[in-house]
$ cat entry04.pdb   # PDB, C-alpha atoms (C1' of nucleotides)
ATOM      1  CA  MET V   9       0.000   0.000   0.000
ATOM      2  CA  ALA V  10       1.125   3.549  -0.666
ATOM      3  CA  LEU V  11       2.553   5.380   2.310
ATOM      4  CA  ALA V  12      -0.281   7.901   2.431
ATOM      5  CA  GLY V  13      -2.780   5.071   2.542
ATOM      6  CA  ARG V  14      -0.899   3.224   5.268
ATOM      7  CA  LEU V  15      -0.643   6.300   7.425
ATOM      8  CA  MET V  16      -4.345   7.058   7.088
ATOM      9  CA  ALA V  17      -5.231   3.426   7.767
ATOM     10  CA  LEU V  18      -3.125   3.503  10.920
ATOM     11  CA  HIS V  19      -4.865   6.666  12.057
ATOM     12  CA  GLU V  20      -8.305   5.230  11.390
ATOM     13  CA  ARG V  21      -7.507   2.064  13.258
ATOM     14  CA  LEU V  22      -6.515   4.116  16.282
ATOM     15  CA  LEU V  23      -9.592   6.320  15.895
ATOM     16  CA  ALA V  24     -11.815   3.261  15.944
ATOM     17  CA  HIS V  25     -10.127   2.113  19.127
ATOM     18  CA  TYR V  26      -9.882   5.365  21.073
ATOM     19  CA  GLY V  27     -12.454   7.651  19.501
ATOM     20  CA  PRO V  28     -11.701  11.382  19.380
ATOM     21  CA  LEU V  29      -9.160  12.272  22.067
ATOM     22  CA  HIS V  30      -9.435  16.092  21.964
ATOM     23  CA  TRP V  31      -5.933  16.277  23.171
ATOM     24  CA  TRP V  32      -3.386  18.238  25.127
ATOM     25  CA  PRO V  33      -4.280  18.138  28.782
ATOM     26  CA  ALA V  34      -4.242  21.840  29.624
ATOM     27  CA  GLU V  35      -6.808  24.341  30.840
ATOM     28  CA  SER V  36      -5.789  27.141  28.499
ATOM     29  CA  LEU V  37      -3.724  27.724  25.384
ATOM     30  CA  PHE V  38      -1.166  29.565  27.452
ATOM     31  CA  GLN V  39      -0.768  26.466  29.573
ATOM     32  CA  VAL V  40      -0.207  24.457  26.420
ATOM     33  CA  VAL V  41       2.761  26.683  25.621
ATOM     34  CA  ILE V  42       4.210  26.447  29.129
ATOM     35  CA  GLY V  43       3.437  22.757  29.427
ATOM     36  CA  ALA V  44       5.319  22.016  26.219
ATOM     37  CA  VAL V  45       8.502  23.201  27.954
ATOM     38  CA  LEU V  46       7.765  21.750  31.382
ATOM     39  CA  THR V  47       7.098  18.264  30.016
ATOM     40  CA  GLN V  48      10.492  17.933  28.345
ATOM     41  CA  ASN V  49      11.838  14.563  29.442
ATOM     42  CA  THR V  50       9.379  14.672  32.327
ATOM     43  CA  ALA V  51       6.309  12.716  33.393
ATOM     44  CA  TRP V  52       3.119  14.735  32.979
ATOM     45  CA  SER V  53       2.129  14.061  36.594
ATOM     46  CA  ASN V  54       5.104  16.182  37.642
ATOM     47  CA  VAL V  55       4.096  18.954  35.249
ATOM     48  CA  GLU V  56       0.695  19.055  36.907
ATOM     49  CA  LYS V  57       2.312  19.679  40.269
ATOM     50  CA  ALA V  58       4.180  22.613  38.807
ATOM     51  CA  PHE V  59       0.968  23.970  37.309
ATOM     52  CA  ALA V  60      -0.721  23.723  40.709
ATOM     53  CA  ASN V  61       2.027  25.919  42.156
ATOM     54  CA  LEU V  62       1.818  28.391  39.275
ATOM     55  CA  ARG V  63      -1.944  28.607  39.646
ATOM     56  CA  ALA V  64      -1.700  29.208  43.390
ATOM     57  CA  ALA V  65       0.793  31.992  42.701
ATOM     58  CA  ALA V  66      -1.533  33.473  40.071
ATOM     59  CA  VAL V  67       1.110  33.596  37.361
ATOM     60  CA  LEU V  68      -0.591  31.528  34.694
ATOM     61  CA  ASP V  69      -0.645  34.345  32.175
ATOM     62  CA  ARG V  70       2.161  35.724  30.059
ATOM     63  CA  ALA V  71       2.461  39.117  31.727
ATOM     64  CA  SER V  72       2.547  37.781  35.284
ATOM     65  CA  MET V  73       4.934  34.964  34.539
ATOM     66  CA  SER V  74       7.193  37.218  32.517
ATOM     67  CA  ALA V  75       7.408  39.685  35.402
ATOM     68  CA  LEU V  76       8.226  36.937  37.874
ATOM     69  CA  PRO V  77      11.879  36.830  39.027
ATOM     70  CA  VAL V  78      13.680  33.731  37.787
ATOM     71  CA  GLU V  79      14.369  32.536  41.318
ATOM     72  CA  ASP V  80      10.675  32.598  42.117
ATOM     73  CA  LEU V  81       9.844  30.774  38.929
ATOM     74  CA  LYS V  82      12.391  28.075  39.771
ATOM     75  CA  ALA V  83      10.738  27.433  43.110
ATOM     76  CA  LEU V  84       7.275  27.110  41.560
ATOM     77  CA  ILE V  85       8.209  24.734  38.750
ATOM     78  CA  ARG V  86      10.565  22.629  40.840
ATOM     79  CA  PRO V  87       8.385  19.468  40.785
ATOM     80  CA  SER V  88       8.737  19.297  36.997
ATOM     81  CA  GLY V  89      12.461  18.563  37.266
ATOM     82  CA  THR V  90      15.450  20.282  35.602
ATOM     83  CA  PHE V  91      13.872  23.407  37.033
ATOM     84  CA  ARG V  92      16.898  25.695  36.795
ATOM     85  CA  ILE V  93      17.142  25.040  33.076
ATOM     86  CA  LYS V  94      13.425  25.254  32.469
ATOM     87  CA  ALA V  95      13.056  28.556  34.317
ATOM     88  CA  ARG V  96      15.597  30.104  31.994
ATOM     89  CA  GLN V  97      13.967  28.497  28.967
ATOM     90  CA  LEU V  98      10.541  29.778  29.940
ATOM     91  CA  HIS V  99      11.779  33.337  30.271
ATOM     92  CA  ALA V 100      13.475  33.162  26.895
ATOM     93  CA  LEU V 101      10.256  31.870  25.360
ATOM     94  CA  LEU V 102       8.085  34.485  27.072
ATOM     95  CA  ASP V 103      10.378  37.227  25.795
ATOM     96  CA  TRP V 104      10.158  35.885  22.262
ATOM     97  CA  LEU V 105       6.375  35.630  22.436
ATOM     98  CA  GLY V 106       5.827  39.207  23.573
ATOM     99  CA  ASP V 107       2.520  40.662  24.717
ATOM    100  CA  ASP V 108       0.568  39.420  21.721
ATOM    101  CA  TRP V 109       1.803  35.860  22.097
ATOM    102  CA  GLU V 110      -1.059  34.307  20.181
ATOM    103  CA  GLY V 111      -0.487  36.658  17.268
ATOM    104  CA  ARG V 112       3.235  35.957  17.387
ATOM    105  CA  LEU V 113       2.606  32.239  16.936
ATOM    106  CA  ARG V 114       0.198  32.737  14.045
ATOM    107  CA  HIS V 115       2.121  35.452  12.231
ATOM    108  CA  GLY V 116       4.153  34.599   9.140
ATOM    109  CA  SER V 117       4.495  31.355   7.255
ATOM    110  CA  LEU V 118       4.625  28.140   9.238
ATOM    111  CA  GLU V 119       8.250  27.392   8.409
ATOM    112  CA  GLN V 120       9.359  30.966   9.103
ATOM    113  CA  THR V 121       7.678  31.051  12.474
ATOM    114  CA  ARG V 122       8.991  27.590  13.277
ATOM    115  CA  THR V 123      12.561  28.565  12.417
ATOM    116  CA  SER V 124      12.290  31.693  14.518
ATOM    117  CA  LEU V 125      10.883  29.712  17.432
ATOM    118  CA  LEU V 126      13.679  27.147  17.146
ATOM    119  CA  ALA V 127      16.205  29.905  17.729
ATOM    120  CA  VAL V 128      14.819  30.476  21.228
ATOM    121  CA  HIS V 129      16.984  28.906  23.931
ATOM    122  CA  GLY V 130      15.391  25.702  25.146
ATOM    123  CA  ILE V 131      13.051  25.233  22.206
ATOM    124  CA  GLY V 132      13.945  22.174  20.144
ATOM    125  CA  GLU V 133      11.995  20.672  17.289
ATOM    126  CA  GLU V 134       9.484  18.683  19.277
ATOM    127  CA  THR V 135       8.684  21.542  21.641
ATOM    128  CA  ALA V 136       8.355  23.989  18.747
ATOM    129  CA  ASP V 137       5.969  21.716  16.883
ATOM    130  CA  ALA V 138       3.925  21.002  19.987
ATOM    131  CA  ILE V 139       3.465  24.716  20.611
ATOM    132  CA  LEU V 140       2.651  25.492  16.982
ATOM    133  CA  LEU V 141       0.191  22.629  16.610
ATOM    134  CA  TYR V 142      -1.502  22.473  19.978
ATOM    135  CA  ALA V 143      -1.442  26.122  21.038
ATOM    136  CA  ALA V 144      -1.654  27.849  17.652
ATOM    137  CA  GLY V 145      -3.470  25.283  15.526
ATOM    138  CA  ARG V 146      -0.765  25.228  12.862
ATOM    139  CA  PRO V 147      -0.453  22.164  10.594
ATOM    140  CA  THR V 148       2.920  20.860  11.782
ATOM    141  CA  PHE V 149       3.453  17.277  12.967
ATOM    142  CA  VAL V 150       4.908  16.521  16.396
ATOM    143  CA  ILE V 151       7.437  13.690  16.611
ATOM    144  CA  ASP V 152       8.226  12.213  19.990
ATOM    145  CA  ALA V 153       9.764   9.056  21.398
ATOM    146  CA  TYR V 154       6.415   7.248  21.332
ATOM    147  CA  THR V 155       5.884   8.085  17.669
ATOM    148  CA  ARG V 156       9.269   6.647  16.702
ATOM    149  CA  ARG V 157       8.811   3.474  18.710
ATOM    150  CA  ILE V 158       5.335   2.806  17.385
ATOM    151  CA  LEU V 159       6.295   3.436  13.762
ATOM    152  CA  THR V 160       9.211   1.072  14.120
ATOM    153  CA  ARG V 161       6.910  -1.519  15.610
ATOM    154  CA  VAL V 162       4.490  -1.422  12.686
ATOM    155  CA  GLY V 163       7.299  -1.368  10.149
ATOM    156  CA  VAL V 164       7.019   2.193   8.860
ATOM    157  CA  ARG V 165      10.462   3.682   8.357
ATOM    158  CA  PRO V 166      11.311   7.201   7.177
ATOM    159  CA  LEU V 167      14.154   7.961   4.792
ATOM    160  CA  THR V 168      16.305   9.184   7.641
ATOM    161  CA  GLY V 169      15.981   8.524  11.347
ATOM    162  CA  THR V 170      16.275  12.204  12.133
ATOM    163  CA  TYR V 171      13.484  14.315  13.547
ATOM    164  CA  SER V 172      12.807  15.987  10.244
ATOM    165  CA  GLY V 173      12.836  12.617   8.512
ATOM    166  CA  TYR V 174       9.956  11.496  10.683
ATOM    167  CA  ARG V 175       8.196  14.841  10.408
ATOM    168  CA  ARG V 176       8.313  14.847   6.629
ATOM    169  CA  LEU V 177       6.966  11.321   6.606
ATOM    170  CA  PHE V 178       3.662  12.696   7.845
ATOM    171  CA  MET V 179       3.702  16.168   6.343
ATOM    172  CA  ASP V 180       4.602  14.997   2.840
ATOM    173  CA  HIS V 181       1.990  12.271   2.762
ATOM    174  CA  LEU V 182      -0.999  13.667   4.641
ATOM    175  CA  PRO V 183      -3.150  16.741   4.021
ATOM    176  CA  PRO V 184      -1.981  19.721   6.159
ATOM    177  CA  ASP V 185      -4.933  19.467   8.496
ATOM    178  CA  PRO V 186      -4.257  20.658  12.073
ATOM    179  CA  ALA V 187      -7.149  18.628  13.446
ATOM    180  CA  LEU V 188      -5.759  15.476  11.820
ATOM    181  CA  PHE V 189      -2.196  16.102  13.031
ATOM    182  CA  ASN V 190      -3.472  16.916  16.497
ATOM    183  CA  GLU V 191      -5.515  13.749  16.759
ATOM    184  CA  TYR V 192      -2.850  11.554  15.205
ATOM    185  CA  HIS V 193      -0.070  12.558  17.552
ATOM    186  CA  ALA V 194      -2.452  12.326  20.507
ATOM    187  CA  GLN V 195      -3.151   8.741  19.505
ATOM    188  CA  PHE V 196       0.550   7.912  19.463
ATOM    189  CA  VAL V 197       1.023   9.243  22.966
ATOM    190  CA  GLN V 198      -2.067   7.495  24.281
ATOM    191  CA  LEU V 199      -1.034   4.234  22.690
ATOM    192  CA  GLY V 200       2.491   4.651  23.979
ATOM    193  CA  LYS V 201       1.283   5.215  27.524
ATOM    194  CA  ASP V 202      -1.087   2.255  27.344
ATOM    195  CA  HIS V 203       1.248  -0.274  25.779
ATOM    196  CA  CYS V 204       4.776   1.015  25.472
ATOM    197  CA  ARG V 205       5.886  -0.359  28.799
ATOM    198  CA  ALA V 206       3.627  -3.397  28.677
ATOM    199  CA  ALA V 207       6.423  -5.855  28.073
ATOM    200  CA  PRO V 208       6.905  -8.191  26.476
ATOM    201  CA  VAL V 209       3.981  -8.049  24.051
ATOM    202  CA  CYS V 210       1.004  -5.751  23.722
ATOM    203  CA  THR V 211      -2.020  -7.699  24.780
ATOM    204  CA  GLY V 212      -5.039  -5.762  23.662
ATOM    205  CA  CYS V 213      -3.006  -3.314  21.627
ATOM    206  CA  PRO V 214      -5.141  -1.976  18.741
ATOM    207  CA  LEU V 215      -2.163  -2.293  16.422
ATOM    208  CA  LYS V 216      -1.469  -5.921  17.276
ATOM    209  CA  ALA V 217      -2.588  -7.097  13.840
ATOM    210  CA  VAL V 218      -0.093  -4.876  12.036
ATOM    211  CA  CYS V 219       2.858  -5.339  14.374
ATOM    212  CA  GLU V 220       6.111  -6.578  12.939
ATOM    213  CA  THR V 221       8.619  -6.643  15.756
ATOM    214  CA  GLY V 222       6.317  -7.924  18.480
ATOM    215  CA  THR V 223       7.792  -5.729  21.182
ATOM    216  CA  MET V 224       7.295  -2.051  21.787
ATOM    217  CA  GLU V 225      10.826  -1.649  23.051
ATOM    218  CA  ALA V 226      12.390  -2.270  19.674
ATOM    219  CA  GLY V 227      13.465   0.720  17.674
ATOM    220  CA  PRO V 228      15.452   3.923  18.028
ATOM    221  CA  ARG V 229      15.717   5.321  21.537
TER     222      ARG V 229
ATOM    223  C1'  DA C  16      17.736   1.016  44.769
ATOM    224  C1'  DG C  17      17.595   2.138  40.360
ATOM    225  C1'  DC C  18      15.327   3.486  36.097
ATOM    226  C1'  DC C  19      12.797   6.511  33.478
ATOM    227  C1'  DA C  20       9.605  10.231  31.798
ATOM    228  C1'  DG C  21       5.822  13.322  25.639
ATOM    229  C1'  DG C  22      14.049  16.844  25.411
ATOM    230  C1'  DA C  23      17.528  20.173  24.615
ATOM    231  C1'  DC C  24      22.071  22.150  25.363
ATOM    232  C1'  DT C  25      26.962  21.673  25.623
ATOM    233  C1'  DG C  26      31.590  20.265  24.777
ATOM    234  C1'  DA C  27      34.534  16.632  22.555
ATOM    235  C1'  DG C  28      36.161  14.091  18.937
TER     236       DG C  28
ATOM    237  C1'  DC A   8      27.987  16.428  12.489
ATOM    238  C1'  DT A   9      27.423  12.704  15.816
ATOM    239  C1'  DC A  10      27.274  11.616  20.661
ATOM    240  C1'  DA A  11      27.815  10.887  25.579
ATOM    241  C1'  DG A  12      27.229  13.745  29.597
ATOM    242  C1'  DT A  13      24.226  16.797  32.082
ATOM    243  C1'  DC A  14      20.094  18.474  34.120
ATOM    244  C1'  DA A  15      16.512  16.865  38.520
ATOM    245  C1'  DT A  16      11.904  15.665  40.444
ATOM    246  C1'  DG A  17       8.549  12.091  41.574
ATOM    247  C1'  DG A  18       6.490   7.456  40.618
ATOM    248  C1'  DC A  19       7.021   2.748  40.366
TER     249       DC A  19
END
$ encode --input "entry04.pdb" --output "structure tokens"
Amino acid sequence: MALAGRLMALHERLLAHYGPLHWWPAESLFQVVIGAVLTQNTAWSNVEKAFANLRAAAVLDRASMSALPVEDLKALIRPSGTFRIKARQLHALLDWLGDDWEGRLRHGSLEQTRTSLLAVHGIGEETADAILLYAAGRPTFVIDAYTRRILTRVGVRPLTGTYSGYRRLFMDHLPPDPALFNEYHAQFVQLGKDHCRAAPVCTGCPLKAVCETGTMEAGPR
DNA sequence: AGCCAGGACTGAG
DNA sequence: CTCAGTCATGGC
């Protein structure tokens, strides 16, 4: 089957299993932006603890958080781990966003905005795409560790194993539909959480019929 | 007691 | 440009 067809079939199989996920577990778009940084190499449960602190301190808006001294920010986001680094990253991001942060994310072409965002300290490809897709509704595909593992498991391999290799796999073969990209990546994360650590084999995994390797652990990273 | 989580930066080679 | 080392908390 052609790649486009395989990718859509995979998505539909997951849709049949999970139904619409309406994803990114945040209360506001601003929290999507902040959460994208806080969740770097971190369990979401720890991000939630940080959000609880930020909410209690009433700094869950760009202006308040931007005005907050770095030392104070460190203390509040501590439960999310690597908090010294993340505090600095958040301030760099907030500066780049400016007052009209929603406009900043939507302004310009997707690739221009993405490149500009990638120049911000602490914003790598996955974080940039997560912000652009989930906070700004831009049609860019998010690649994470789950996505790579699952694709390997079902035998879909991009030209190169780099981030952009995986990203182009989706963006070159699917229509640039933010709702589709949103749902698709959400399905990968959900599936990863449900079955990624369920060694040795995925009992009840919706992709069982199309698995090639038999174990979720196989594959890059 | 480790190991790891929805990464990204840095310095070496 | 590739890659190990580093960051750091909380859950299992």
$ resolve_selection --input "entry04.pdb" --expression "the PyMOL selection byres ((chain C and resi 24) around 10)" --output "number ranges by chain"
V: 93, 129-130, 132; C: 22-23, 25-26; A: 13-14
$ residues_around --input "entry04.pdb" --residues "Leu18 of chain V" --least-positions-apart "6" --cutoff "10 Å" --atoms "only C-alpha atoms (C1' of nucleotides)" --output "PyMOL selection string"
chain V and resi 12+159+162+192+214-215+218
$ atom_distance --input "entry04.pdb" --atom1 "atom CA of Arg63 of chain V" --atom2 "atom CA of Ala44 of chain V"
16.6 Å
$ interface_residues --input "entry04.pdb" --of "chain V" --to "chain A" --cutoff "6 Å" --atoms "only C-alpha atoms (C1' of nucleotides)" --output "list in words"
Pro87, Ser88, Gly89 and Thr90 of chain V
$ write_last_selection --input "entry04.pdb" --atoms "C-alpha atoms" --output "JSON list (two decimals), in the coordinates of the input"
[["chain", "number", "residue", "atom", "x", "y", "z"],
["V", 87, "PRO", "CA", 8.38, 19.47, 40.78],
["V", 88, "SER", "CA", 8.74, 19.30, 37.00],
["V", 89, "GLY", "CA", 12.46, 18.56, 37.27],
["V", 90, "THR", "CA", 15.45, 20.28, 35.60]]
$ closest_residue --input "entry04.pdb" --among "V:Gly116, V:Gly27, V:Gly13, V:Gly200" --to "chain C" --atoms "only C-alpha atoms (C1' of nucleotides)"
V:Gly200
$ resolve_selection --input "entry04.pdb" --expression "the PyMOL selection byres ((chain V) within 7 of (chain C))" --output "ChimeraX atom specification"
/V:47-51,130,132,152,197
$ atom_distance --input "entry04.pdb" --atom1 "atom CA of Leu84 of chain V" --atom2 "atom CA of Ala58 of chain V"
6.1 Å
$ atom_distance --input "entry04.pdb" --atom1 "atom CA of Glu79 of chain V" --atom2 "atom CA of Ala127 of chain V"
23.8 Å
$ residues_around --input "entry04.pdb" --residues "His115 of chain V" --least-positions-apart "4" --cutoff "12 Å" --atoms "all atoms listed in the file" --output "PyMOL selection string"
chain V and resi 105+108-111+119-122+124-125+140+144+146
$ resolve_selection --input "entry04.pdb" --expression "the PyMOL selection byres ((chain V and resi 148) around 9)" --output "number ranges by chain"
V: 118, 137-138, 140-141, 145-147, 149-150, 175, 179, 184-186, 189-190
$ axis_aligned_box --input "entry04.pdb" --around "segment 101-115 of chain V" --padding-each-side "4 Å" --output "AutoDock Vina command-line options"
--center_x 4.7 --center_y 36.3 --center_z 19.7 --size_x 19.4 --size_y 16.8 --size_z 22.8
$ residues_around --input "entry04.pdb" --residues "Ile42 of chain V" --least-positions-apart "4" --cutoff "8 Å" --atoms "all atoms listed in the file" --output "PDB file with C-alpha atoms, keeping the file's coordinate frame"
ATOM      1  CA  PHE V  38      -1.166  29.565  27.452  1.00  0.00           C
ATOM      2  CA  LEU V  46       7.765  21.750  31.382  1.00  0.00           C
ATOM      3  CA  LEU V  98      10.541  29.778  29.940  1.00  0.00           C
TER       4      LEU V  98
END
$ build_atoms --input "entry04.pdb" --residues "segment 153-168 of chain V" --atoms "N, CA and C atoms" --output "PDB file, in the frame of the given file"
ATOM      1  N   ALA V 153       9.200  10.394  21.225  1.00  0.00           N
ATOM      2  CA  ALA V 153       9.764   9.056  21.398  1.00  0.00           C
ATOM      3  C   ALA V 153       8.715   7.983  21.133  1.00  0.00           C
ATOM      4  N   TYR V 154       7.489   8.213  21.561  1.00  0.00           N
ATOM      5  CA  TYR V 154       6.415   7.248  21.332  1.00  0.00           C
ATOM      6  C   TYR V 154       6.199   7.040  19.834  1.00  0.00           C
ATOM      7  N   THR V 155       6.134   8.154  19.110  1.00  0.00           N
ATOM      8  CA  THR V 155       5.884   8.085  17.669  1.00  0.00           C
ATOM      9  C   THR V 155       6.930   7.214  16.984  1.00  0.00           C
ATOM     10  N   ARG V 156       8.191   7.420  17.327  1.00  0.00           N
ATOM     11  CA  ARG V 156       9.269   6.647  16.702  1.00  0.00           C
ATOM     12  C   ARG V 156       9.166   5.168  17.041  1.00  0.00           C
ATOM     13  N   ARG V 157       8.907   4.883  18.300  1.00  0.00           N
ATOM     14  CA  ARG V 157       8.811   3.474  18.710  1.00  0.00           C
ATOM     15  C   ARG V 157       7.664   2.768  18.018  1.00  0.00           C
ATOM     16  N   ILE V 158       6.521   3.436  17.968  1.00  0.00           N
ATOM     17  CA  ILE V 158       5.335   2.806  17.385  1.00  0.00           C
ATOM     18  C   ILE V 158       5.513   2.596  15.886  1.00  0.00           C
ATOM     19  N   LEU V 159       6.074   3.584  15.202  1.00  0.00           N
ATOM     20  CA  LEU V 159       6.295   3.436  13.762  1.00  0.00           C
ATOM     21  C   LEU V 159       7.242   2.283  13.475  1.00  0.00           C
ATOM     22  N   THR V 160       8.273   2.177  14.279  1.00  0.00           N
ATOM     23  CA  THR V 160       9.211   1.072  14.120  1.00  0.00           C
ATOM     24  C   THR V 160       8.496  -0.262  14.303  1.00  0.00           C
ATOM     25  N   ARG V 161       7.625  -0.282  15.276  1.00  0.00           N
ATOM     26  CA  ARG V 161       6.910  -1.519  15.610  1.00  0.00           C
ATOM     27  C   ARG V 161       6.012  -1.978  14.469  1.00  0.00           C
ATOM     28  N   VAL V 162       5.391  -1.038  13.771  1.00  0.00           N
ATOM     29  CA  VAL V 162       4.490  -1.422  12.686  1.00  0.00           C
ATOM     30  C   VAL V 162       5.210  -1.440  11.338  1.00  0.00           C
ATOM     31  N   GLY V 163       6.520  -1.218  11.369  1.00  0.00           N
ATOM     32  CA  GLY V 163       7.299  -1.368  10.149  1.00  0.00           C
ATOM     33  C   GLY V 163       7.263  -0.191   9.197  1.00  0.00           C
ATOM     34  N   VAL V 164       6.947   0.983   9.701  1.00  0.00           N
ATOM     35  CA  VAL V 164       7.019   2.193   8.860  1.00  0.00           C
ATOM     36  C   VAL V 164       8.333   2.904   9.162  1.00  0.00           C
ATOM     37  N   ARG V 165       9.146   3.094   8.133  1.00  0.00           N
ATOM     38  CA  ARG V 165      10.462   3.682   8.357  1.00  0.00           C
ATOM     39  C   ARG V 165      10.674   4.882   7.440  1.00  0.00           C
ATOM     40  N   PRO V 166      11.042   6.013   7.994  1.00  0.00           N
ATOM     41  CA  PRO V 166      11.311   7.201   7.177  1.00  0.00           C
ATOM     42  C   PRO V 166      12.653   7.078   6.463  1.00  0.00           C
ATOM     43  N   LEU V 167      12.890   7.978   5.536  1.00  0.00           N
ATOM     44  CA  LEU V 167      14.154   7.961   4.792  1.00  0.00           C
ATOM     45  C   LEU V 167      15.347   8.096   5.729  1.00  0.00           C
ATOM     46  N   THR V 168      15.258   9.027   6.643  1.00  0.00           N
ATOM     47  CA  THR V 168      16.305   9.184   7.641  1.00  0.00           C
ATOM     48  C   THR V 168      15.679   9.098   9.021  1.00  0.00           C
TER      49      THR V 168
END
